[in-house]
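upload-v4.pdb (PDB, C-alpha atoms and all ligand atoms)
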```
MODEL        1
ATOM      1  CA  MET E   1     187.317 -73.417 110.002
ATOM      2  CA  ARG E   2     184.432 -73.716 107.537
ATOM      3  CA  VAL E   3     182.292 -70.894 106.142
ATOM      4  CA  PHE E   4     179.256 -71.480 108.371
ATOM      5  CA  GLU E   5     181.430 -71.500 111.523
ATOM      6  CA  ALA E   6     183.385 -68.459 110.357
ATOM      7  CA  LEU E   7     180.171 -66.546 109.679
ATOM      8  CA  GLU E   8     178.956 -67.087 113.242
ATOM      9  CA  PHE E   9     182.359 -66.230 114.697
ATOM     10  CA  ALA E  10     182.697 -63.042 112.627
ATOM     11  CA  LYS E  11     179.171 -61.876 113.505
ATOM     12  CA  LYS E  12     180.005 -62.250 117.194
ATOM     13  CA  VAL E  13     183.296 -60.342 116.934
ATOM     14  CA  LEU E  14     181.883 -57.580 114.749
ATOM     15  CA  SER E  15     178.857 -57.102 117.030
ATOM     16  CA  GLN E  16     181.319 -55.682 119.559
ATOM     17  CA  ILE E  17     181.880 -52.632 117.334
ATOM     18  CA  GLU E  18     178.652 -52.231 115.333
ATOM     19  CA  ASN E  19     174.979 -53.142 115.294
ATOM     20  CA  LYS E  20     173.945 -56.742 114.650
ATOM     21  CA  GLU E  21     172.517 -56.158 111.144
ATOM     22  CA  TYR E  22     175.695 -54.479 109.971
ATOM     23  CA  ALA E  23     177.870 -57.124 111.651
ATOM     24  CA  LYS E  24     175.997 -59.794 109.672
ATOM     25  CA  TRP E  25     176.516 -57.920 106.390
ATOM     26  CA  GLU E  26     180.224 -57.373 107.047
ATOM     27  CA  ALA E  27     180.715 -61.035 108.018
ATOM     28  CA  LEU E  28     179.227 -61.932 104.644
ATOM     29  CA  LEU E  29     181.493 -59.464 102.843
ATOM     30  CA  ILE E  30     184.641 -60.791 104.542
ATOM     31  CA  LEU E  31     183.925 -64.416 103.700
ATOM     32  CA  SER E  32     182.825 -63.765 100.140
ATOM     33  CA  HIS E  33     185.985 -61.691  99.663
ATOM     34  CA  LEU E  34     188.178 -64.523 100.983
ATOM     35  CA  LEU E  35     186.447 -67.086  98.777
ATOM     36  CA  LYS E  36     186.348 -64.707  95.788
ATOM     37  CA  VAL E  37     182.618 -65.212  95.272
ATOM     38  CA  SER E  38     179.700 -62.787  95.208
ATOM     39  CA  PRO E  39     178.208 -62.110  98.703
ATOM     40  CA  LEU E  40     174.860 -63.284  97.292
ATOM     41  CA  ASN E  41     176.335 -66.702  96.418
ATOM     42  CA  LEU E  42     178.160 -67.340  99.683
ATOM     43  CA  TYR E  43     175.464 -69.642 101.015
ATOM     44  CA  ILE E  44     176.334 -72.213  98.329
ATOM     45  CA  TYR E  45     179.772 -72.582  99.957
ATOM     46  CA  LEU E  46     178.831 -73.008 103.628
ATOM     47  CA  ASP E  47     180.922 -76.192 104.023
ATOM     48  CA  LYS E  48     184.055 -74.886 102.332
ATOM     49  CA  GLU E  49     187.246 -74.392 104.375
ATOM     50  CA  ILE E  50     188.450 -70.781 104.639
ATOM     51  CA  PRO E  51     192.001 -69.328 104.849
ATOM     52  CA  GLU E  52     191.835 -68.933 108.629
ATOM     53  CA  GLU E  53     194.950 -66.828 109.186
ATOM     54  CA  ASN E  54     193.772 -64.151 106.744
ATOM     55  CA  PHE E  55     190.288 -64.255 108.195
ATOM     56  CA  LEU E  56     191.484 -63.632 111.760
ATOM     57  CA  LYS E  57     193.827 -60.858 110.596
ATOM     58  CA  ILE E  58     190.929 -59.051 108.902
ATOM     59  CA  LEU E  59     188.820 -59.283 112.055
ATOM     60  CA  GLU E  60     191.709 -57.951 114.184
ATOM     61  CA  GLU E  61     192.065 -54.897 111.915
ATOM     62  CA  ARG E  62     188.322 -54.326 111.808
ATOM     63  CA  LYS E  63     188.165 -54.418 115.616
ATOM     64  CA  LYS E  64     190.460 -51.380 115.533
ATOM     65  CA  LYS E  65     187.682 -49.605 113.572
ATOM     66  CA  LYS E  66     189.465 -49.459 110.252
ATOM     67  CA  PRO E  67     186.643 -49.460 107.645
ATOM     68  CA  LEU E  68     186.200 -52.900 106.108
ATOM     69  CA  ALA E  69     186.438 -51.587 102.530
ATOM     70  CA  TYR E  70     189.971 -50.298 103.260
ATOM     71  CA  ILE E  71     190.988 -53.602 104.851
ATOM     72  CA  LEU E  72     189.700 -55.702 101.953
ATOM     73  CA  LYS E  73     190.580 -53.059  99.339
ATOM     74  CA  GLU E  74     187.170 -53.782  97.900
ATOM     75  CA  THR E  75     183.810 -52.024  97.837
ATOM     76  CA  HIS E  76     180.477 -52.839  96.200
ATOM     77  CA  PHE E  77     178.415 -50.455  94.109
ATOM     78  CA  TRP E  78     175.414 -51.092  91.817
ATOM     79  CA  GLY E  79     176.014 -54.842  92.191
ATOM     80  CA  ARG E  80     179.673 -54.716  91.135
ATOM     81  CA  SER E  81     182.912 -54.987  93.057
ATOM     82  CA  PHE E  82     185.388 -52.062  92.856
ATOM     83  CA  TYR E  83     188.952 -51.609  94.074
ATOM     84  CA  ILE E  84     189.418 -49.032  96.852
ATOM     85  CA  GLU E  85     192.289 -47.819  99.026
ATOM     86  CA  GLU E  86     192.788 -45.509 101.963
ATOM     87  CA  GLY E  87     193.020 -41.895 100.798
ATOM     88  CA  VAL E  88     189.934 -42.203  98.580
ATOM     89  CA  LEU E  89     186.362 -41.940  99.863
ATOM     90  CA  ILE E  90     184.468 -45.232 100.256
ATOM     91  CA  PRO E  91     181.428 -44.995  97.950
ATOM     92  CA  ARG E  92     178.110 -44.944  99.816
ATOM     93  CA  GLN E  93     174.985 -46.885  98.936
ATOM     94  CA  ASP E  94     172.903 -43.659  98.843
ATOM     95  CA  THR E  95     174.883 -42.608  95.778
ATOM     96  CA  GLU E  96     173.216 -45.410  93.800
ATOM     97  CA  ILE E  97     170.139 -43.107  93.691
ATOM     98  CA  LEU E  98     172.164 -40.704  91.546
ATOM     99  CA  VAL E  99     172.922 -43.533  89.130
ATOM    100  CA  SER E 100     169.276 -44.578  88.925
ATOM    101  CA  VAL E 101     168.179 -40.952  88.277
ATOM    102  CA  PHE E 102     170.637 -40.713  85.379
ATOM    103  CA  LEU E 103     169.661 -44.110  83.936
ATOM    104  CA  ASP E 104     166.007 -43.021  83.779
ATOM    105  CA  LEU E 105     166.902 -40.025  81.568
ATOM    106  CA  PRO E 106     166.642 -40.198  77.782
ATOM    107  CA  VAL E 107     170.457 -39.976  77.464
ATOM    108  CA  LYS E 108     171.838 -42.952  75.503
ATOM    109  CA  GLU E 109     175.002 -41.531  73.958
ATOM    110  CA  GLY E 110     177.251 -38.477  73.986
ATOM    111  CA  ILE E 111     179.659 -37.227  76.619
ATOM    112  CA  ILE E 112     179.033 -36.604  80.285
ATOM    113  CA  LEU E 113     181.189 -34.920  82.920
ATOM    114  CA  GLU E 114     181.667 -36.178  86.473
ATOM    115  CA  LEU E 115     183.198 -33.772  88.973
ATOM    116  CA  GLY E 116     184.852 -35.346  92.017
ATOM    117  CA  VAL E 117     185.062 -38.863  90.579
ATOM    118  CA  GLY E 118     186.697 -40.495  93.652
ATOM    119  CA  ALA E 119     187.075 -44.248  93.081
ATOM    120  CA  GLY E 120     185.168 -43.928  89.813
ATOM    121  CA  VAL E 121     182.098 -45.944  90.748
ATOM    122  CA  ILE E 122     179.506 -43.523  89.312
ATOM    123  CA  ALA E 123     181.196 -42.834  85.964
ATOM    124  CA  ILE E 124     182.200 -46.470  85.425
ATOM    125  CA  THR E 125     178.727 -47.764  86.300
ATOM    126  CA  LEU E 126     177.119 -45.319  83.862
ATOM    127  CA  LEU E 127     179.549 -46.302  81.102
ATOM    128  CA  LEU E 128     178.823 -49.981  81.704
ATOM    129  CA  GLU E 129     175.062 -49.444  81.718
ATOM    130  CA  LYS E 130     175.156 -47.171  78.629
ATOM    131  CA  PRO E 131     177.703 -48.600  76.168
ATOM    132  CA  ASN E 132     177.512 -45.609  73.774
ATOM    133  CA  LEU E 133     178.338 -43.054  76.434
ATOM    134  CA  LYS E 134     181.728 -41.392  77.054
ATOM    135  CA  ALA E 135     182.776 -39.510  80.180
ATOM    136  CA  PHE E 136     185.263 -36.960  81.444
ATOM    137  CA  ALA E 137     186.223 -37.527  85.074
ATOM    138  CA  VAL E 138     187.737 -34.748  87.195
ATOM    139  CA  ASP E 139     189.253 -35.002  90.654
ATOM    140  CA  ILE E 140     191.731 -32.875  92.558
ATOM    141  CA  SER E 141     193.236 -35.996  94.130
ATOM    142  CA  SER E 142     195.879 -37.929  92.144
ATOM    143  CA  LYS E 143     195.173 -40.960  94.281
ATOM    144  CA  ALA E 144     191.469 -40.887  93.366
ATOM    145  CA  LEU E 145     192.319 -40.719  89.654
ATOM    146  CA  GLU E 146     194.788 -43.580  90.041
ATOM    147  CA  ILE E 147     192.084 -45.766  91.636
ATOM    148  CA  THR E 148     189.489 -44.731  89.032
ATOM    149  CA  ARG E 149     191.939 -45.656  86.273
ATOM    150  CA  LYS E 150     192.488 -49.087  87.838
ATOM    151  CA  ASN E 151     188.735 -49.705  88.121
ATOM    152  CA  ALA E 152     188.155 -48.463  84.557
ATOM    153  CA  LYS E 153     190.747 -50.948  83.320
ATOM    154  CA  THR E 154     189.133 -53.822  85.249
ATOM    155  CA  TYR E 155     185.799 -53.041  83.632
ATOM    156  CA  LYS E 156     187.368 -52.290  80.224
ATOM    157  CA  VAL E 157     185.940 -48.786  79.874
ATOM    158  CA  GLU E 158     189.274 -46.919  79.902
ATOM    159  CA  ASP E 159     188.872 -46.033  76.220
ATOM    160  CA  ARG E 160     185.617 -44.191  77.040
ATOM    161  CA  LEU E 161     186.717 -42.466  80.259
ATOM    162  CA  PHE E 162     189.024 -39.434  80.145
ATOM    163  CA  PHE E 163     190.753 -38.475  83.377
ATOM    164  CA  ILE E 164     191.622 -34.906  84.309
ATOM    165  CA  LYS E 165     193.317 -33.762  87.493
ATOM    166  CA  GLY E 166     192.251 -30.334  88.669
ATOM    167  CA  ASP E 167     189.982 -28.054  90.644
ATOM    168  CA  TRP E 168     186.285 -28.562  89.846
ATOM    169  CA  PHE E 169     185.306 -26.928  86.483
ATOM    170  CA  THR E 170     188.727 -25.328  85.900
ATOM    171  CA  PRO E 171     190.324 -28.182  83.889
ATOM    172  CA  VAL E 172     187.330 -28.533  81.525
ATOM    173  CA  LEU E 173     187.216 -24.920  80.317
ATOM    174  CA  GLU E 174     188.208 -25.879  76.757
ATOM    175  CA  LYS E 175     186.192 -29.080  76.554
ATOM    176  CA  PRO E 176     183.037 -29.806  74.495
ATOM    177  CA  LEU E 177     179.551 -29.289  75.902
ATOM    178  CA  PHE E 178     178.172 -32.221  77.881
ATOM    179  CA  LYS E 179     174.898 -34.145  77.942
ATOM    180  CA  ALA E 180     175.061 -34.167  81.725
ATOM    181  CA  VAL E 181     177.168 -32.830  84.570
ATOM    182  CA  ILE E 182     177.131 -35.274  87.457
ATOM    183  CA  SER E 183     178.583 -34.995  90.918
ATOM    184  CA  ASN E 184     178.567 -36.401  94.392
ATOM    185  CA  PRO E 185     180.446 -33.396  95.769
ATOM    186  CA  PRO E 186     181.873 -32.885  99.229
ATOM    187  CA  TYR E 187     178.837 -31.529 101.109
ATOM    188  CA  ILE E 188     179.319 -31.425 104.843
ATOM    189  CA  SER E 189     180.137 -28.390 106.954
ATOM    190  CA  MET E 190     183.099 -28.125 109.345
ATOM    191  CA  LYS E 191     180.651 -28.434 112.244
ATOM    192  CA  GLU E 192     179.115 -31.635 110.844
ATOM    193  CA  TRP E 193     182.603 -33.078 110.297
ATOM    194  CA  GLU E 194     183.299 -32.723 114.009
ATOM    195  CA  ALA E 195     180.170 -34.764 114.789
ATOM    196  CA  LEU E 196     180.971 -37.642 112.422
ATOM    197  CA  ASP E 197     181.872 -41.162 113.597
ATOM    198  CA  GLU E 198     185.507 -41.600 114.641
ATOM    199  CA  GLU E 199     185.767 -44.303 111.979
ATOM    200  CA  VAL E 200     185.118 -41.745 109.216
ATOM    201  CA  LYS E 201     187.238 -38.977 110.772
ATOM    202  CA  LEU E 202     190.236 -41.207 111.402
ATOM    203  CA  PHE E 203     190.343 -43.002 108.073
ATOM    204  CA  GLU E 204     188.462 -41.195 105.287
ATOM    205  CA  PRO E 205     189.836 -38.163 103.407
ATOM    206  CA  ARG E 206     188.513 -34.861 104.820
ATOM    207  CA  GLU E 207     188.763 -33.095 101.472
ATOM    208  CA  ALA E 208     186.326 -35.605  99.956
ATOM    209  CA  LEU E 209     183.659 -34.673 102.495
ATOM    210  CA  ILE E 210     184.000 -31.078 103.697
ATOM    211  CA  SER E 211     182.680 -28.203 101.620
ATOM    212  CA  GLY E 212     183.415 -24.869 103.284
ATOM    213  CA  GLU E 213     181.773 -23.386 106.348
ATOM    214  CA  LYS E 214     178.179 -24.113 105.281
ATOM    215  CA  GLY E 215     178.746 -27.390 103.443
ATOM    216  CA  THR E 216     177.195 -26.109 100.206
ATOM    217  CA  GLU E 217     180.193 -24.452  98.531
ATOM    218  CA  PHE E 218     180.624 -27.136  95.831
ATOM    219  CA  GLN E 219     176.901 -27.489  95.168
ATOM    220  CA  GLU E 220     176.657 -23.711  94.709
ATOM    221  CA  LYS E 221     179.525 -23.831  92.184
ATOM    222  CA  LEU E 222     177.616 -26.531  90.287
ATOM    223  CA  LEU E 223     174.449 -24.432  90.223
ATOM    224  CA  LYS E 224     176.289 -21.256  89.267
ATOM    225  CA  PHE E 225     178.427 -22.643  86.433
ATOM    226  CA  ALA E 226     177.098 -26.013  85.175
ATOM    227  CA  ASP E 227     174.882 -24.539  82.442
ATOM    228  CA  GLU E 228     178.002 -23.132  80.724
ATOM    229  CA  TYR E 229     179.163 -26.734  80.239
ATOM    230  CA  LEU E 230     175.849 -28.305  79.251
ATOM    231  CA  LEU E 231     174.242 -28.835  75.875
ATOM    232  CA  LYS E 232     170.794 -27.248  75.418
ATOM    233  CA  GLU E 233     169.035 -30.455  76.462
ATOM    234  CA  GLY E 234     171.576 -31.210  79.218
ATOM    235  CA  PHE E 235     171.004 -32.168  82.845
ATOM    236  CA  LEU E 236     172.760 -31.396  86.097
ATOM    237  CA  ILE E 237     172.545 -34.203  88.668
ATOM    238  CA  PHE E 238     174.103 -34.001  92.101
ATOM    239  CA  GLU E 239     173.899 -35.425  95.582
ATOM    240  CA  MET E 240     173.006 -33.470  98.701
ATOM    241  CA  GLY E 241     172.917 -33.981 102.471
ATOM    242  CA  TYR E 242     169.761 -35.296 104.162
ATOM    243  CA  ASN E 243     169.284 -31.894 105.875
ATOM    244  CA  GLN E 244     170.100 -29.559 102.964
ATOM    245  CA  GLY E 245     166.683 -29.446 101.244
ATOM    246  CA  GLU E 246     165.857 -25.865 102.199
ATOM    247  CA  ILE E 247     169.167 -24.266 101.274
ATOM    248  CA  ILE E 248     169.505 -26.289  98.046
ATOM    249  CA  ARG E 249     165.974 -25.251  96.972
ATOM    250  CA  GLU E 250     166.905 -21.600  97.606
ATOM    251  CA  LEU E 251     170.038 -21.980  95.472
ATOM    252  CA  LEU E 252     168.174 -23.814  92.698
ATOM    253  CA  ASN E 253     165.631 -20.980  92.533
ATOM    254  CA  PHE E 254     168.289 -18.270  92.789
ATOM    255  CA  TYR E 255     170.225 -19.716  89.820
ATOM    256  CA  LYS E 256     166.959 -20.291  87.936
ATOM    257  CA  TRP E 257     166.990 -24.068  87.505
ATOM    258  CA  ASN E 258     163.980 -26.315  87.011
ATOM    259  CA  PHE E 259     164.401 -29.247  89.304
ATOM    260  CA  LYS E 260     163.174 -32.454  90.869
ATOM    261  CA  ILE E 261     164.514 -33.900  94.122
ATOM    262  CA  PHE E 262     164.728 -37.660  94.721
ATOM    263  CA  ARG E 263     164.771 -39.448  98.070
ATOM    264  CA  ASP E 264     167.182 -42.162  99.223
ATOM    265  CA  PHE E 265     166.381 -45.633 100.635
ATOM    266  CA  LYS E 266     165.827 -44.137 104.094
ATOM    267  CA  GLY E 267     163.408 -41.521 102.749
ATOM    268  CA  TYR E 268     165.784 -38.517 102.950
ATOM    269  CA  GLU E 269     166.008 -36.019 100.096
ATOM    270  CA  ARG E 270     169.274 -37.016  98.426
ATOM    271  CA  VAL E 271     169.639 -36.316  94.697
ATOM    272  CA  VAL E 272     168.837 -33.225  92.614
ATOM    273  CA  LEU E 273     168.006 -33.421  88.916
ATOM    274  CA  ALA E 274     168.103 -29.926  87.389
ATOM    275  CA  TRP E 275     167.722 -28.431  83.920
ATOM    276  CA  LYS E 276     167.312 -24.953  82.433
ATOM    277  CA  GLU E 277     164.144 -23.888  80.633
ATOM    278  CA  ASN E 278     166.087 -22.080  77.946
ATOM    279  CA  MET E 279     168.363 -25.062  77.212
TER     280      MET E 279
HETATM  281  C1  LIG L   1     182.112 -37.143  98.154
HETATM  282  S1  LIG L   1     183.515 -37.621  97.216
HETATM  283  C2  LIG L   1     182.726 -38.484  95.905
HETATM  284  C3  LIG L   1     183.569 -39.537  95.286
HETATM  285  C4  LIG L   1     182.819 -40.463  94.305
HETATM  286  N1  LIG L   1     182.253 -39.721  93.205
HETATM  287  C5  LIG L   1     181.746 -41.222  95.028
HETATM  288  O1  LIG L   1     180.550 -40.914  94.866
HETATM  289  O2  LIG L   1     182.084 -42.148  95.781
HETATM  290  C6  LIG L   1     184.027 -36.093  96.529
HETATM  291  C7  LIG L   1     185.241 -36.147  95.598
HETATM  292  O3  LIG L   1     185.528 -34.796  95.193
HETATM  293  C8  LIG L   1     186.930 -34.619  95.128
HETATM  294  N2  LIG L   1     187.203 -33.182  95.266
HETATM  295  C9  LIG L   1     187.248 -32.438  96.398
HETATM  296  N3  LIG L   1     187.552 -31.162  96.109
HETATM  297  C10 LIG L   1     187.711 -31.092  94.766
HETATM  298  C11 LIG L   1     188.032 -30.033  93.854
HETATM  299  N4  LIG L   1     188.251 -28.797  94.289
HETATM  300  N5  LIG L   1     188.114 -30.327  92.535
HETATM  301  C12 LIG L   1     187.917 -31.591  92.082
HETATM  302  N6  LIG L   1     187.600 -32.636  92.901
HETATM  303  C13 LIG L   1     187.495 -32.394  94.216
HETATM  304  C14 LIG L   1     187.466 -35.474  96.272
HETATM  305  O4  LIG L   1     188.823 -35.801  96.052
HETATM  306  C15 LIG L   1     186.523 -36.675  96.228
HETATM  307  O5  LIG L   1     187.054 -37.709  95.422
ENDMDL
END
```

Structure encoded using structure tokens:
Amino acid sequence: MRVFEALEFAKKVLSQIENKEYAKWEALLILSHLLKVSPLNLYIYLDKEIPEENFLKILEERKKKKPLAYILKETHFWGRSFYIEEGVLIPRQDTEILVSVFLDLPVKEGIILELGVGAGVIAITLLLEKPNLKAFAVDISSKALEITRKNAKTYKVEDRLFFIKGDWFTPVLEKPLFKAVISNPPYISMKEWEALDEEVKLFEPREALISGEKGTEFQEKLLKFADEYLLKEGFLIFEMGYNQGEIIRELLNFYKWNFKIFRDFKGYERVVLAWKENM
């Protein structure tokens, strides 16, 4: 089977489990993965033969609703490919907003802290975009740190990324002050978890998504403690749920932060940039 035939076939199969637009995107991802080329360049290879057995196996697994990133062990973030495995949250496109907010700040060097690093896509992207930056990366999950380490090695930033296993701020008590504290924390409530797609509930790690009864436990910890870890001119940047604007504003005011909220590609409030007047 050649690429153009495989694309049509995959789109048809995938349309049975997801909407047509997404089926088209995933068909592209599968074939570019098999040919080891960028999804954007796939159209140059339309006549190339594909490894058919692998291709059909991937489609079979995907039909059972296993997320494609876990099947391919590959995910894309900020235009780069990253390794991913079951047990670690699949990075979401919305999180690229957090990266763009950081990159617009006047922070060129120094050390930043990422809490809840997951597969490492945020920290590694920032290190690649800002070659004079260093980062500490914390996660409670050994698996997440293992995957981050692998990705850091691939992108040759392991000498600028320091990994620490532990619970939120606890393992960085003795560390230097940071230019920025960054996090895409778990931020959904137990109730919201129940309403999520089966695909997420069956395959993605609960502890990467759920944050207490209200969903704001981790964000509140960030707002309560982050200034103790920040330099005077430091920034706190974190992600929030599309429906959390009101409660996050209350918390930001309660803990006396100045702030700006940025929207995602769909227009939902998604990323908070916060700083203290007295810093
Ligand atoms: C929403 S995921 C974000 C992962 C990654 N930064 C990203 O954007 O794709 C949250 C991460 O926080 C980690 N986490 C959950 N509870 C934690 C805790 N108490 N201390 C440190 N990390 C924690 C999870 O293991 C998970 O990797």

Report as CSV: every residue of stretch 5-107 of chain E with an atom at most 9 Å from stretch 247-262 of chain E, its closest pair of atoms, and their distance in Å to one decimal, counting all atoms listed in the file, with rows sorted by chain and ascending residue number.
```
residue,atom,partner,partner_atom,distance
E:Ile97,CA,E:Phe262,CA,7.7
E:Leu98,CA,E:Phe262,CA,8.6
E:Val101,CA,E:Phe262,CA,8.0
```

Which protein, DNA or RNA residues have an atom within 7 Å of ligand LIG 1 (chain L), counting only C-alpha atoms and all ligand atoms, as number ranges by chain? E: 88-92, 95, 115-122, 138-141, 144, 166-168, 183-186, 207-209

If you keep C-alpha atoms, can you produce a file of those selected residues as a PDB file, in the frame of the given file?
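The new file result_23.pdb reads:
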```
ATOM      1  CA  VAL E  88     189.934 -42.203  98.580  1.00  0.00           C
ATOM      2  CA  LEU E  89     186.362 -41.940  99.863  1.00  0.00           C
ATOM      3  CA  ILE E  90     184.468 -45.232 100.256  1.00  0.00           C
ATOM      4  CA  PRO E  91     181.428 -44.995  97.950  1.00  0.00           C
ATOM      5  CA  ARG E  92     178.110 -44.944  99.816  1.00  0.00           C
ATOM      6  CA  THR E  95     174.883 -42.608  95.778  1.00  0.00           C
ATOM      7  CA  LEU E 115     183.198 -33.772  88.973  1.00  0.00           C
ATOM      8  CA  GLY E 116     184.852 -35.346  92.017  1.00  0.00           C
ATOM      9  CA  VAL E 117     185.062 -38.863  90.579  1.00  0.00           C
ATOM     10  CA  GLY E 118     186.697 -40.495  93.652  1.00  0.00           C
ATOM     11  CA  ALA E 119     187.075 -44.248  93.081  1.00  0.00           C
ATOM     12  CA  GLY E 120     185.168 -43.928  89.813  1.00  0.00           C
ATOM     13  CA  VAL E 121     182.098 -45.944  90.748  1.00  0.00           C
ATOM     14  CA  ILE E 122     179.506 -43.523  89.312  1.00  0.00           C
ATOM     15  CA  VAL E 138     187.737 -34.748  87.195  1.00  0.00           C
ATOM     16  CA  ASP E 139     189.253 -35.002  90.654  1.00  0.00           C
ATOM     17  CA  ILE E 140     191.731 -32.875  92.558  1.00  0.00           C
ATOM     18  CA  SER E 141     193.236 -35.996  94.130  1.00  0.00           C
ATOM     19  CA  ALA E 144     191.469 -40.887  93.366  1.00  0.00           C
ATOM     20  CA  GLY E 166     192.251 -30.334  88.669  1.00  0.00           C
ATOM     21  CA  ASP E 167     189.982 -28.054  90.644  1.00  0.00           C
ATOM     22  CA  TRP E 168     186.285 -28.562  89.846  1.00  0.00           C
ATOM     23  CA  SER E 183     178.583 -34.995  90.918  1.00  0.00           C
ATOM     24  CA  ASN E 184     178.567 -36.401  94.392  1.00  0.00           C
ATOM     25  CA  PRO E 185     180.446 -33.396  95.769  1.00  0.00           C
ATOM     26  CA  PRO E 186     181.873 -32.885  99.229  1.00  0.00           C
ATOM     27  CA  GLU E 207     188.763 -33.095 101.472  1.00  0.00           C
ATOM     28  CA  ALA E 208     186.326 -35.605  99.956  1.00  0.00           C
ATOM     29  CA  LEU E 209     183.659 -34.673 102.495  1.00  0.00           C
TER      30      LEU E 209
END
```

Step by step, work through what the PyMOL selection byres (((chain E and resi 227) around 12) and not hetatm) selects in the shown file, and finish by giving those residues as number ranges by chain. E: 169, 177-181, 221-226, 228-237, 255-258, 274-279

Only C-alpha atoms, please: the residues just picked out, written as an mmCIF file, keeping the file's coordinate frame.
```
data_model
loop_
_atom_site.group_PDB
_atom_site.id
_atom_site.type_symbol
_atom_site.label_atom_id
_atom_site.label_comp_id
_atom_site.auth_asym_id
_atom_site.auth_seq_id
_atom_site.Cartn_x
_atom_site.Cartn_y
_atom_site.Cartn_z
ATOM 1 C CA PHE E 169 185.306 -26.928 86.483
ATOM 2 C CA LEU E 177 179.551 -29.289 75.902
ATOM 3 C CA PHE E 178 178.172 -32.221 77.881
ATOM 4 C CA LYS E 179 174.898 -34.145 77.942
ATOM 5 C CA ALA E 180 175.061 -34.167 81.725
ATOM 6 C CA VAL E 181 177.168 -32.830 84.570
ATOM 7 C CA LYS E 221 179.525 -23.831 92.184
ATOM 8 C CA LEU E 222 177.616 -26.531 90.287
ATOM 9 C CA LEU E 223 174.449 -24.432 90.223
ATOM 10 C CA LYS E 224 176.289 -21.256 89.267
ATOM 11 C CA PHE E 225 178.427 -22.643 86.433
ATOM 12 C CA ALA E 226 177.098 -26.013 85.175
ATOM 13 C CA GLU E 228 178.002 -23.132 80.724
ATOM 14 C CA TYR E 229 179.163 -26.734 80.239
ATOM 15 C CA LEU E 230 175.849 -28.305 79.251
ATOM 16 C CA LEU E 231 174.242 -28.835 75.875
ATOM 17 C CA LYS E 232 170.794 -27.248 75.418
ATOM 18 C CA GLU E 233 169.035 -30.455 76.462
ATOM 19 C CA GLY E 234 171.576 -31.210 79.218
ATOM 20 C CA PHE E 235 171.004 -32.168 82.845
ATOM 21 C CA LEU E 236 172.760 -31.396 86.097
ATOM 22 C CA ILE E 237 172.545 -34.203 88.668
ATOM 23 C CA TYR E 255 170.225 -19.716 89.820
ATOM 24 C CA LYS E 256 166.959 -20.291 87.936
ATOM 25 C CA TRP E 257 166.990 -24.068 87.505
ATOM 26 C CA ASN E 258 163.980 -26.315 87.011
ATOM 27 C CA ALA E 274 168.103 -29.926 87.389
ATOM 28 C CA TRP E 275 167.722 -28.431 83.920
ATOM 29 C CA LYS E 276 167.312 -24.953 82.433
ATOM 30 C CA GLU E 277 164.144 -23.888 80.633
ATOM 31 C CA ASN E 278 166.087 -22.080 77.946
ATOM 32 C CA MET E 279 168.363 -25.062 77.212
#
```

One-decimal distance in Å that lies between atom CA of E:Phe77 and atom CA of E:Pro176: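 So the two atoms, atom CA of E:Pro176 and atom CA of E:Phe77, lie 28.9 Å apart.
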
Pick from E:Ile210, E:Leu35, E:Ile50, E:Leu40, whichever lies nearest to E:Met190 using only C-alpha atoms: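 For E:Met190, the nearest of the candidates is E:Ile210.
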
Do a neighbour search on E:Ser189 at 6 Å with only C-alpha atoms, toss out local chain neighbours closer than 5 positions, and write the hits as JSON, numbers by chain. {"E": [210, 211, 213, 214, 215]}

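In this model, the gap between atom CA of E:Arg2 and atom CA of E:Leu46 comes to 6.9 Å.
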
Residues matched by the PyMOL selection byres (((chain E and resi 128) around 12) and not hetatm) as a ChimeraX atom specification: /E:78-80,99,103,108,120-127,129-135,151-152,154-158,160-161

Would you list the contacts of stretch 42-44 of chain E as a list in words, taking every protein, DNA or RNA residue within 12 Å and counting only C-alpha atoms, but skipping same-chain residues closer than 5 positions in sequence? Arg2, Val3, Phe4, Ala6, Leu7, Trp25, Ala27, Leu28, Leu29, Ile30, Leu31, Ser32, His33, Leu34, Leu35, Lys36, Val37 and Ile50 of chain E

Now that the selection is made, can you save its residues with C-alpha atoms as a PDB file, in the coordinates of the input?
```pdb
ATOM      1  CA  ARG E   2     184.432 -73.716 107.537  1.00  0.00           C
ATOM      2  CA  VAL E   3     182.292 -70.894 106.142  1.00  0.00           C
ATOM      3  CA  PHE E   4     179.256 -71.480 108.371  1.00  0.00           C
ATOM      4  CA  ALA E   6     183.385 -68.459 110.357  1.00  0.00           C
ATOM      5  CA  LEU E   7     180.171 -66.546 109.679  1.00  0.00           C
ATOM      6  CA  TRP E  25     176.516 -57.920 106.390  1.00  0.00           C
ATOM      7  CA  ALA E  27     180.715 -61.035 108.018  1.00  0.00           C
ATOM      8  CA  LEU E  28     179.227 -61.932 104.644  1.00  0.00           C
ATOM      9  CA  LEU E  29     181.493 -59.464 102.843  1.00  0.00           C
ATOM     10  CA  ILE E  30     184.641 -60.791 104.542  1.00  0.00           C
ATOM     11  CA  LEU E  31     183.925 -64.416 103.700  1.00  0.00           C
ATOM     12  CA  SER E  32     182.825 -63.765 100.140  1.00  0.00           C
ATOM     13  CA  HIS E  33     185.985 -61.691  99.663  1.00  0.00           C
ATOM     14  CA  LEU E  34     188.178 -64.523 100.983  1.00  0.00           C
ATOM     15  CA  LEU E  35     186.447 -67.086  98.777  1.00  0.00           C
ATOM     16  CA  LYS E  36     186.348 -64.707  95.788  1.00  0.00           C
ATOM     17  CA  VAL E  37     182.618 -65.212  95.272  1.00  0.00           C
ATOM     18  CA  ILE E  50     188.450 -70.781 104.639  1.00  0.00           C
TER      19      ILE E  50
END
```

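Note that the spacing between atom CA of E:Asn19 and atom CA of E:Gly87 amounts to 25.7 Å.
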